[in-house]
file data29.txt (compact mmCIF, C-alpha atoms and all ligand atoms)
# COMPACT_ATOMS: atom_id res chain seq x y z
CA MET O 1 91.15 -229.36 -105.64
CA LYS O 2 92.49 -231.56 -102.85
CA VAL O 3 90.58 -231.36 -99.54
CA ALA O 4 91.64 -233.59 -96.67
CA GLN O 5 89.27 -236.07 -95.01
CA GLU O 6 88.41 -235.08 -91.46
CA ILE O 7 90.07 -236.93 -88.56
CA ARG O 8 88.41 -236.56 -85.16
CA LEU O 9 90.81 -236.78 -82.25
CA VAL O 10 89.88 -238.14 -78.85
CA GLU O 11 92.03 -239.34 -75.95
CA SER O 12 92.28 -242.84 -77.38
CA ASN O 13 93.67 -241.97 -80.84
CA VAL O 14 95.63 -238.79 -80.19
CA LYS O 15 98.95 -240.49 -79.25
CA GLU O 16 98.93 -242.40 -82.50
CA PHE O 17 98.19 -239.20 -84.46
CA ILE O 18 101.13 -237.46 -82.77
CA SER O 19 103.59 -240.21 -83.61
CA GLU O 20 102.39 -240.36 -87.23
CA LYS O 21 102.68 -236.61 -87.69
CA VAL O 22 106.11 -236.46 -86.05
CA LYS O 23 107.28 -239.17 -88.47
CA GLU O 24 105.72 -237.36 -91.45
CA ILE O 25 107.32 -234.02 -90.56
CA SER O 26 110.75 -235.69 -90.06
CA SER O 27 110.61 -237.49 -93.36
CA THR O 28 109.34 -234.46 -95.32
CA ALA O 29 111.89 -232.05 -93.84
CA GLY O 30 114.72 -234.63 -94.10
CA ASP O 31 117.86 -233.22 -92.48
CA GLY O 32 117.02 -229.67 -93.54
CA ILE O 33 115.96 -226.64 -91.56
CA ALA O 34 112.31 -225.58 -91.24
CA ILE O 35 110.71 -222.47 -89.85
CA ASN O 36 107.33 -221.81 -88.32
CA ALA O 37 105.46 -218.83 -87.02
CA LEU O 38 103.82 -219.09 -83.64
CA SER O 39 100.93 -216.73 -82.96
CA GLY O 40 100.01 -218.30 -79.64
CA GLY O 41 96.73 -219.66 -80.96
CA VAL O 42 96.05 -223.33 -80.35
CA ASP O 43 96.73 -224.28 -84.01
CA SER O 44 100.18 -222.73 -84.33
CA ALA O 45 101.02 -223.82 -80.77
CA ALA O 46 100.23 -227.48 -81.55
CA VAL O 47 102.27 -227.28 -84.77
CA THR O 48 105.20 -225.79 -82.87
CA MET O 49 105.22 -228.69 -80.40
CA LEU O 50 104.86 -231.35 -83.14
CA GLY O 51 107.61 -229.66 -85.15
CA HIS O 52 109.98 -229.51 -82.20
CA GLN O 53 109.38 -233.17 -81.42
CA ALA O 54 110.19 -233.98 -85.04
CA LEU O 55 113.05 -231.59 -85.78
CA GLY O 56 114.36 -230.29 -82.45
CA GLU O 57 116.76 -227.39 -83.00
CA ARG O 58 116.30 -227.64 -86.77
CA LEU O 59 112.92 -225.95 -86.39
CA LYS O 60 113.25 -222.19 -85.95
CA THR O 61 110.13 -220.70 -84.38
CA TYR O 62 109.31 -217.02 -84.79
CA PHE O 63 106.66 -214.84 -83.29
CA VAL O 64 105.96 -212.23 -85.93
CA ASP O 65 105.09 -209.00 -84.16
CA ASN O 66 102.88 -207.53 -86.85
CA GLY O 67 101.53 -204.66 -84.73
CA ILE O 68 97.99 -206.10 -84.88
CA MET O 69 98.21 -208.55 -81.99
CA ARG O 70 96.54 -208.12 -78.64
CA GLU O 71 97.95 -206.37 -75.55
CA SER O 72 101.39 -207.82 -74.54
CA GLU O 73 100.75 -210.93 -76.66
CA PRO O 74 104.30 -211.40 -78.06
CA GLN O 75 105.93 -211.38 -74.60
CA GLN O 76 103.26 -213.58 -72.97
CA ILE O 77 103.53 -216.26 -75.65
CA ALA O 78 107.34 -216.27 -75.65
CA GLU O 79 107.21 -216.74 -71.86
CA ILE O 80 104.74 -219.69 -72.03
CA PHE O 81 106.86 -221.50 -74.64
CA LYS O 82 110.10 -220.90 -72.77
CA LYS O 83 108.54 -223.02 -70.00
CA GLN O 84 107.95 -225.75 -72.64
CA GLY O 85 111.65 -225.63 -73.55
CA VAL O 86 110.98 -223.91 -76.90
CA ASN O 87 112.88 -220.74 -77.72
CA ILE O 88 110.94 -218.20 -79.71
CA LYS O 89 112.48 -215.37 -81.66
CA ILE O 90 110.31 -212.25 -81.83
CA PHE O 91 110.50 -210.69 -85.30
CA ASP O 92 109.47 -207.04 -85.50
CA ALA O 93 107.36 -206.55 -88.64
CA LYS O 94 105.12 -203.70 -87.50
CA GLU O 95 106.38 -201.25 -90.10
CA GLU O 96 105.90 -203.71 -92.98
CA PHE O 97 102.33 -204.51 -91.98
CA PHE O 98 101.19 -200.92 -91.47
CA ASN O 99 102.71 -199.97 -94.83
CA ALA O 100 100.83 -202.83 -96.49
CA PHE O 101 97.52 -201.71 -94.97
CA LYS O 102 97.82 -198.10 -96.15
CA GLY O 103 94.71 -196.97 -98.00
CA ILE O 104 93.05 -200.42 -98.05
CA THR O 105 89.42 -200.72 -96.91
CA ASP O 106 88.08 -203.73 -98.85
CA PRO O 107 87.98 -206.86 -96.61
CA GLU O 108 89.42 -209.27 -99.16
CA GLU O 109 92.17 -206.81 -100.16
CA LYS O 110 93.04 -206.49 -96.48
CA ARG O 111 93.30 -210.28 -96.18
CA GLU O 112 95.46 -210.36 -99.30
CA ALA O 113 97.74 -207.69 -97.81
CA VAL O 114 98.18 -209.86 -94.69
CA THR O 115 98.90 -212.95 -96.81
CA GLN O 116 101.46 -211.22 -99.04
CA THR O 117 103.21 -209.53 -96.14
CA PHE O 118 103.45 -212.73 -94.11
CA TYR O 119 104.27 -215.22 -96.82
CA LYS O 120 106.19 -213.25 -99.42
CA ASN O 121 107.98 -210.56 -97.47
CA ILE O 122 108.47 -211.92 -93.98
CA PHE O 123 108.61 -215.71 -94.28
CA GLY O 124 110.44 -215.27 -97.59
CA LYS O 125 113.11 -213.29 -95.78
CA LEU O 126 113.25 -215.65 -92.76
CA VAL O 127 113.52 -218.67 -95.06
CA ARG O 128 116.41 -217.09 -97.01
CA GLU O 129 118.24 -216.01 -93.86
CA SER O 130 117.87 -219.38 -92.10
CA ASN O 131 118.39 -221.53 -95.21
CA ALA O 132 115.10 -223.29 -94.50
CA LYS O 133 113.34 -225.31 -97.17
CA HIS O 134 110.02 -225.72 -95.37
CA LEU O 135 107.47 -223.64 -93.52
CA LEU O 136 105.36 -225.53 -90.99
CA GLN O 137 101.93 -224.07 -90.41
CA GLY O 138 98.67 -224.77 -88.60
CA THR O 139 96.07 -224.57 -91.36
CA ILE O 140 92.98 -226.54 -90.27
CA LEU O 141 90.14 -228.06 -92.24
CA THR O 142 87.71 -225.19 -91.54
CA ASP O 143 90.20 -222.67 -93.02
CA VAL O 144 90.33 -224.75 -96.19
CA ASP O 145 86.55 -225.27 -96.42
CA GLU O 146 85.70 -221.60 -96.10
CA THR O 147 88.34 -220.49 -98.55
CA ILE O 148 87.30 -223.02 -101.17
CA ALA O 149 83.64 -222.15 -100.67
CA GLY O 150 84.63 -218.55 -101.49
CA ILE O 151 83.37 -217.27 -98.11
CA LYS O 152 86.66 -215.83 -96.95
CA ARG O 153 90.16 -216.07 -98.28
CA GLN O 154 91.79 -217.41 -95.10
CA HIS O 155 95.30 -216.08 -94.84
CA ASN O 156 96.98 -219.49 -94.79
CA VAL O 157 95.41 -221.51 -97.63
CA PHE O 158 97.37 -222.01 -100.88
CA GLU O 159 97.73 -225.49 -102.34
CA GLN O 160 94.00 -226.19 -102.12
CA LEU O 161 93.50 -223.09 -104.30
CA GLY O 162 96.05 -224.28 -106.84
CA ILE O 163 98.79 -221.91 -105.58
CA ASP O 164 102.20 -223.61 -105.42
CA PRO O 165 104.06 -222.06 -102.45
CA GLN O 166 107.42 -223.25 -103.81
CA GLN O 167 106.88 -221.31 -107.02
CA THR O 168 105.18 -218.31 -105.45
CA PHE O 169 107.20 -217.86 -102.27
CA GLY O 170 110.28 -220.08 -102.66
CA TYR O 171 109.58 -222.71 -99.99
CA LYS O 172 107.37 -225.72 -99.33
CA ILE O 173 104.60 -225.76 -96.75
CA ILE O 174 103.92 -228.61 -94.31
CA GLU O 175 100.40 -228.64 -92.79
CA PRO O 176 100.10 -231.34 -90.11
CA LEU O 177 96.65 -230.18 -88.89
CA VAL O 178 94.85 -230.01 -92.18
CA GLU O 179 92.61 -233.00 -91.35
CA LEU O 180 91.47 -231.50 -88.03
CA ARG O 181 88.83 -229.09 -86.85
CA LYS O 182 89.24 -226.85 -83.81
CA ASP O 183 87.83 -229.29 -81.23
CA SER O 184 90.35 -231.96 -82.31
CA VAL O 185 93.23 -229.47 -82.27
CA ARG O 186 92.41 -228.77 -78.62
CA VAL O 187 92.62 -232.50 -77.79
CA LEU O 188 95.96 -232.61 -79.62
CA ALA O 189 97.36 -229.52 -77.87
CA LYS O 190 96.48 -230.95 -74.47
CA ALA O 191 98.11 -234.28 -75.32
CA LEU O 192 101.24 -232.41 -76.43
CA GLY O 193 101.58 -231.07 -72.88
CA LEU O 194 100.58 -227.47 -73.55
CA PRO O 195 98.99 -225.55 -70.65
CA GLU O 196 95.25 -224.93 -70.48
CA SER O 197 95.74 -221.23 -71.30
CA ILE O 198 96.82 -222.48 -74.73
CA TYR O 199 94.71 -225.59 -75.38
CA ASN O 200 91.53 -223.81 -74.33
CA ARG O 201 92.52 -220.47 -75.84
CA PRO O 202 89.66 -218.87 -77.78
CA PRO O 203 90.47 -218.83 -81.49
CA PHE O 204 92.15 -215.71 -82.84
CA PRO O 205 92.42 -215.21 -86.59
CA GLY O 206 95.64 -215.00 -88.60
CA PRO O 207 94.83 -211.46 -89.75
CA ALA O 208 94.54 -210.66 -86.01
CA LEU O 209 92.94 -207.33 -85.06
CA ALA O 210 92.86 -206.36 -88.74
CA ALA O 211 89.92 -208.79 -89.04
CA ARG O 212 88.10 -206.65 -86.49
CA ILE O 213 88.54 -203.22 -88.05
CA ILE O 214 86.05 -202.14 -90.67
CA GLY O 215 87.79 -199.66 -92.94
CA GLU O 216 91.48 -198.77 -92.96
CA VAL O 217 93.86 -200.45 -90.51
CA THR O 218 96.06 -197.75 -88.99
CA ARG O 219 98.12 -197.72 -85.80
CA ASP O 220 95.58 -195.45 -84.09
CA ARG O 221 92.60 -197.60 -85.07
CA VAL O 222 94.42 -200.75 -83.92
CA ASP O 223 95.06 -199.08 -80.54
CA ILE O 224 91.33 -198.45 -80.17
CA VAL O 225 90.23 -201.98 -81.04
CA ARG O 226 93.04 -203.42 -78.89
CA LYS O 227 91.79 -201.54 -75.80
CA ALA O 228 88.20 -202.60 -76.46
CA THR O 229 89.38 -206.21 -77.02
CA SER O 230 91.12 -206.31 -73.61
CA ILE O 231 87.92 -205.17 -71.91
CA VAL O 232 85.71 -207.65 -73.79
CA GLU O 233 88.11 -210.55 -73.18
CA GLU O 234 88.42 -209.78 -69.46
CA GLU O 235 84.66 -209.44 -69.00
CA LEU O 236 83.63 -212.47 -71.09
CA LYS O 237 86.33 -215.05 -70.33
CA SER O 238 84.19 -216.53 -67.54
CA THR O 239 81.37 -217.28 -70.03
CA GLY O 240 83.26 -220.21 -71.57
CA ALA O 241 81.96 -219.04 -74.97
CA PHE O 242 83.72 -220.26 -78.12
CA GLN O 243 84.98 -216.79 -79.12
CA TYR O 244 84.36 -213.16 -78.16
CA MET O 245 85.60 -209.95 -79.68
CA ALA O 246 85.33 -206.20 -80.20
CA ILE O 247 84.96 -204.71 -83.66
CA LEU O 248 85.65 -201.12 -84.64
CA HIS O 249 83.20 -199.72 -87.16
CA GLN O 250 84.03 -197.25 -89.86
CA ASP O 251 80.87 -195.14 -89.60
CA ARG O 252 80.67 -192.56 -86.87
CA VAL O 253 77.53 -191.54 -85.02
CA THR O 254 76.55 -188.43 -83.13
CA GLY O 255 77.13 -188.62 -79.41
CA MET O 256 77.80 -186.13 -76.61
CA ARG O 257 80.59 -185.68 -74.14
CA ASN O 258 80.95 -182.97 -71.48
CA GLY O 259 77.78 -181.29 -72.79
CA LYS O 260 79.19 -181.02 -76.32
CA ARG O 261 78.49 -182.83 -79.58
CA ASP O 262 80.94 -185.67 -80.18
CA PHE O 263 80.79 -187.36 -83.59
CA GLY O 264 82.18 -190.59 -82.21
CA LEU O 265 83.24 -194.17 -82.82
CA GLN O 266 81.15 -197.33 -82.68
CA ILE O 267 82.29 -200.61 -81.14
CA GLU O 268 80.39 -203.80 -81.82
CA VAL O 269 80.74 -206.71 -79.39
CA ARG O 270 80.33 -210.30 -80.57
CA CYS O 271 80.28 -213.41 -78.39
CA TRP O 272 79.75 -216.79 -80.03
CA ASP O 273 78.70 -220.28 -79.00
CA SER O 274 80.06 -222.84 -81.43
CA ILE O 275 81.70 -226.25 -81.60
CA ASP O 276 83.99 -225.85 -84.58
CA ALA O 277 83.30 -222.36 -86.05
CA ARG O 278 81.28 -223.71 -88.97
CA GLU O 279 78.03 -222.53 -87.42
CA ALA O 280 77.64 -220.23 -84.45
CA THR O 281 74.97 -218.59 -82.32
CA PRO O 282 75.29 -215.45 -80.22
CA THR O 283 75.75 -216.24 -76.51
CA ASP O 284 72.72 -215.37 -74.40
CA LEU O 285 74.54 -212.86 -72.18
CA PRO O 286 72.73 -211.35 -69.17
CA TYR O 287 71.67 -207.76 -69.78
CA ASN O 288 73.63 -206.55 -66.72
CA GLN O 289 76.80 -207.99 -68.14
CA LEU O 290 76.19 -206.27 -71.47
CA ARG O 291 75.57 -202.96 -69.70
CA LYS O 292 78.79 -203.31 -67.68
CA LEU O 293 80.69 -204.05 -70.88
CA ALA O 294 79.25 -200.97 -72.53
CA ASP O 295 80.10 -198.75 -69.54
CA ASP O 296 83.66 -200.07 -69.36
CA ILE O 297 84.22 -199.53 -73.08
CA LEU O 298 82.65 -196.05 -73.04
CA ASN O 299 84.75 -195.04 -70.03
CA SER O 300 88.07 -196.51 -71.13
CA VAL O 301 88.27 -196.35 -74.90
CA PRO O 302 88.74 -192.79 -76.14
CA GLY O 303 86.27 -191.52 -78.71
CA VAL O 304 83.68 -194.31 -78.44
CA VAL O 305 80.05 -193.17 -78.12
CA SER O 306 78.19 -196.31 -79.23
CA VAL O 307 78.42 -199.97 -78.16
CA THR O 308 76.27 -202.67 -79.76
CA TYR O 309 75.91 -206.44 -79.28
CA ASN O 310 75.54 -208.58 -82.41
CA ILE O 311 72.65 -211.05 -82.19
CA ALA O 312 72.94 -212.54 -85.67
CA THR O 313 73.75 -216.23 -86.17
CA LYS O 314 76.45 -217.70 -88.45
CA PRO O 315 75.26 -218.19 -91.19
CA PRO O 316 74.51 -215.70 -92.60
CA SER O 317 76.96 -213.78 -90.40
CA THR O 318 80.54 -214.96 -90.14
CA ILE O 319 82.45 -214.96 -86.86
CA GLU O 320 84.93 -212.21 -87.74
CA ALA O 321 83.78 -208.93 -89.23
CA ILE O 322 85.93 -208.83 -92.35
P1 LIG Q 401 84.74 -216.77 -89.88
O1 LIG Q 401 84.93 -215.30 -89.63
O2 LIG Q 401 85.11 -217.17 -91.26
O3 LIG Q 401 85.76 -217.48 -88.91
O4 LIG Q 401 83.37 -217.25 -89.48
C1 LIG Q 401 85.81 -218.86 -88.63
C2 LIG Q 401 86.94 -219.09 -87.65
O5 LIG Q 401 88.20 -218.89 -88.30
C3 LIG Q 401 88.90 -217.79 -87.72
N1 LIG Q 401 89.44 -217.02 -88.85
C4 LIG Q 401 90.68 -217.18 -89.33
N2 LIG Q 401 91.67 -217.97 -88.92
N3 LIG Q 401 93.03 -217.15 -90.68
C5 LIG Q 401 92.85 -217.93 -89.59
O6 LIG Q 401 93.79 -218.63 -89.19
C6 LIG Q 401 92.07 -216.33 -91.17
O7 LIG Q 401 92.27 -215.61 -92.16
C7 LIG Q 401 90.83 -216.35 -90.44
N4 LIG Q 401 89.67 -215.70 -90.62
C8 LIG Q 401 88.82 -216.14 -89.63
C9 LIG Q 401 87.88 -217.01 -86.91
O8 LIG Q 401 88.48 -216.31 -85.83
C10 LIG Q 401 86.93 -218.11 -86.47
O9 LIG Q 401 87.40 -218.81 -85.33
call {"tool": "encode", "arguments": {"input": "data29.txt", "output": "structure tokens"}}
result
Amino acid sequence: MKVAQEIRLVESNVKEFISEKVKEISSTAGDGIAINALSGGVDSAAVTMLGHQALGERLKTYFVDNGIMRESEPQQIAEIFKKQGVNIKIFDAKEEFFNAFKGITDPEEKREAVTQTFYKNIFGKLVRESNAKHLLQGTILTDVDETIAGIKRQHNVFEQLGIDPQQTFGYKIIEPLVELRKDSVRVLAKALGLPESIYNRPPFPGPALAARIIGEVTRDRVDIVRKATSIVEEELKSTGAFQYMAILHQDRVTGMRNGKRDFGLQIEVRCWDSIDAREATPTDLPYNQLRKLADDILNSVPGVVSVTYNIATKPPSTIEAI
């Protein structure tokens, strides 16, 4: 198994890294077309900028609207990149994703459904239609580590597991960030001229809100976790924490509403302090802030009767719930 050596980027070596990666991407892609998917996270954003420096119009960038992104995310990201001179095509794949999630509750099966839908169905189709030979993607070293360790099958790791993307999906994958961890990707994204809303963006996983739903991922359940996510993100963005999220549980608990029994939903809030996601501790949030969060979620997210705050560390927890 081939695992890259870590490179740590700081202001003094980032320019050199950029020019090396731009050269590498140009020589690997030759005069062919490549595609990449931008989710708006710092990893895929940095790859998009590197790819455009290397290939210009020969890189086709898509935002795959999989139905499991956050509120207004596709439009916001397309807008930010337009300002960077990069045109993004939004590809509607909601139907495909919700079909793939039907009846699945096991976390690893859910991750596999995301992987197959992205890489086989959607990128497969985009590659065929655009005549591309390569897919550029923002896999980082932590994704590889955790997948190889058998902790989680990250949605974007193949070659390190012995899976040949050319054979399996019909295209080659270029991974310019595979020597970096999150803190270095942020240095890179800043040096590439991306705005702070991107280079300091809290991480968001490839399987998106599906990583935050315990049990089946349906449109209705995504709507619930999306609303709770907006509230948590708004309330906790001032903390400067590494990552914060809302999780929808599968089990219901007895609650009451308007004087009647309400067998309702449970939302778990997590807020993490971490440098690079390998280890994390729960942020020491003031009790008042937690209470306000709970009130806002209870008042605005239909059906929720219980809100909890996770105080476990990673390990043994992981950052996402599935
Ligand atoms: P965990 O949950 O494994 O997460 O502690 C570590 C970091 O990785 C993100 N994450 C993912 N990122 N594809 C990704 O690109 C994935 O499948 C995936 N799963 C987790 C997570 O948000 C955290 O920052």
call {"tool": "axis_aligned_box", "arguments": {"input": "data29.txt", "around": "ligand LIG 401 (chain Q)", "padding_each_side": "6 Å", "output": "AutoDock Vina command-line options"}}
result
--center_x 88.6 --center_y -217.2 --center_z -88.7 --size_x 22.4 --size_y 15.8 --size_z 18.8
call {"tool": "closest_residue", "arguments": {"input": "data29.txt", "among": "O:Lys292, O:Arg257, O:His134, O:Arg181", "to": "ligand LIG 401 (chain Q)", "atoms": "all atoms listed in the file"}}
result
O:Arg181
call {"tool": "closest_residue", "arguments": {"input": "data29.txt", "among": "O:Asn258, O:Gln75, O:Asn99, O:Ser44", "to": "ligand LIG 401 (chain Q)", "atoms": "all atoms listed in the file"}}
result
O:Ser44
call {"tool": "atom_distance", "arguments": {"input": "data29.txt", "atom1": "atom CA of O:Asp251", "atom2": "atom CA of O:Leu290"}}
result
21.8 Å
call {"tool": "residues_near_ligand", "arguments": {"input": "data29.txt", "ligand": "ligand LIG 401 (chain Q)", "cutoff": "8 Å", "atoms": "all atoms listed in the file", "output": "count of residues only"}}
result
31
call {"tool": "closest_residue", "arguments": {"input": "data29.txt", "among": "O:Tyr171, O:Phe118, O:Phe98, O:Phe91", "to": "O:Ala34", "atoms": "only C-alpha atoms"}}
result
O:Tyr171
call {"tool": "closest_residue", "arguments": {"input": "data29.txt", "among": "O:Ile7, O:Met256, O:Leu194, O:Leu177", "to": "O:Lys82", "atoms": "all atoms listed in the file"}}
result
O:Leu194
call {"tool": "atom_distance", "arguments": {"input": "data29.txt", "atom1": "atom CA of O:Glu11", "atom2": "atom CA of O:Ala191"}}
result
7.9 Å
call {"tool": "atom_distance", "arguments": {"input": "data29.txt", "atom1": "atom CA of O:Lys182", "atom2": "atom CA of O:Asp43"}}
result
7.9 Å
call {"tool": "closest_residue", "arguments": {"input": "data29.txt", "among": "O:Ala228, O:Ala29, O:Ile88, O:Val301", "to": "O:Ile174", "atoms": "all atoms listed in the file"}}
result
O:Ala29
call {"tool": "residues_near_point", "arguments": {"input": "data29.txt", "point": "(114.9, -226.7, -86.1)", "cutoff": "12 Å", "atoms": "all atoms listed in the file", "output": "mmCIF file with C-alpha atoms, in the frame of the given file"}}
result
data_model
loop_
_atom_site.group_PDB
_atom_site.id
_atom_site.type_symbol
_atom_site.label_atom_id
_atom_site.label_comp_id
_atom_site.auth_asym_id
_atom_site.auth_seq_id
_atom_site.Cartn_x
_atom_site.Cartn_y
_atom_site.Cartn_z
ATOM 1 C CA ILE O 25 107.320 -234.020 -90.560
ATOM 2 C CA SER O 26 110.750 -235.690 -90.060
ATOM 3 C CA ALA O 29 111.890 -232.050 -93.840
ATOM 4 C CA GLY O 30 114.720 -234.630 -94.100
ATOM 5 C CA ASP O 31 117.860 -233.220 -92.480
ATOM 6 C CA GLY O 32 117.020 -229.670 -93.540
ATOM 7 C CA ILE O 33 115.960 -226.640 -91.560
ATOM 8 C CA ALA O 34 112.310 -225.580 -91.240
ATOM 9 C CA ILE O 35 110.710 -222.470 -89.850
ATOM 10 C CA ASN O 36 107.330 -221.810 -88.320
ATOM 11 C CA THR O 48 105.200 -225.790 -82.870
ATOM 12 C CA MET O 49 105.220 -228.690 -80.400
ATOM 13 C CA LEU O 50 104.860 -231.350 -83.140
ATOM 14 C CA GLY O 51 107.610 -229.660 -85.150
ATOM 15 C CA HIS O 52 109.980 -229.510 -82.200
ATOM 16 C CA GLN O 53 109.380 -233.170 -81.420
ATOM 17 C CA ALA O 54 110.190 -233.980 -85.040
ATOM 18 C CA LEU O 55 113.050 -231.590 -85.780
ATOM 19 C CA GLY O 56 114.360 -230.290 -82.450
ATOM 20 C CA GLU O 57 116.760 -227.390 -83.000
ATOM 21 C CA ARG O 58 116.300 -227.640 -86.770
ATOM 22 C CA LEU O 59 112.920 -225.950 -86.390
ATOM 23 C CA LYS O 60 113.250 -222.190 -85.950
ATOM 24 C CA THR O 61 110.130 -220.700 -84.380
ATOM 25 C CA TYR O 62 109.310 -217.020 -84.790
ATOM 26 C CA VAL O 86 110.980 -223.910 -76.900
ATOM 27 C CA ASN O 87 112.880 -220.740 -77.720
ATOM 28 C CA ILE O 88 110.940 -218.200 -79.710
ATOM 29 C CA SER O 130 117.870 -219.380 -92.100
ATOM 30 C CA ASN O 131 118.390 -221.530 -95.210
ATOM 31 C CA ALA O 132 115.100 -223.290 -94.500
ATOM 32 C CA LYS O 133 113.340 -225.310 -97.170
ATOM 33 C CA HIS O 134 110.020 -225.720 -95.370
ATOM 34 C CA LEU O 135 107.470 -223.640 -93.520
ATOM 35 C CA LEU O 136 105.360 -225.530 -90.990
#
call {"tool": "residues_around", "arguments": {"input": "data29.txt", "residues": "O:Thr105", "least_positions_apart": "5", "cutoff": "7 Å", "atoms": "all atoms listed in the file", "output": "VMD selection string"}}
result
chain O and resid 110 215 to 216
call {"tool": "write_last_selection", "arguments": {"input": "data29.txt", "atoms": "C-alpha atoms", "output": "compact mmCIF listing (two decimals), keeping the file's coordinate frame"}}
result
# COMPACT_ATOMS: atom_id res chain seq x y z
CA LYS O 110 93.04 -206.49 -96.48
CA GLY O 215 87.79 -199.66 -92.94
CA GLU O 216 91.48 -198.77 -92.96
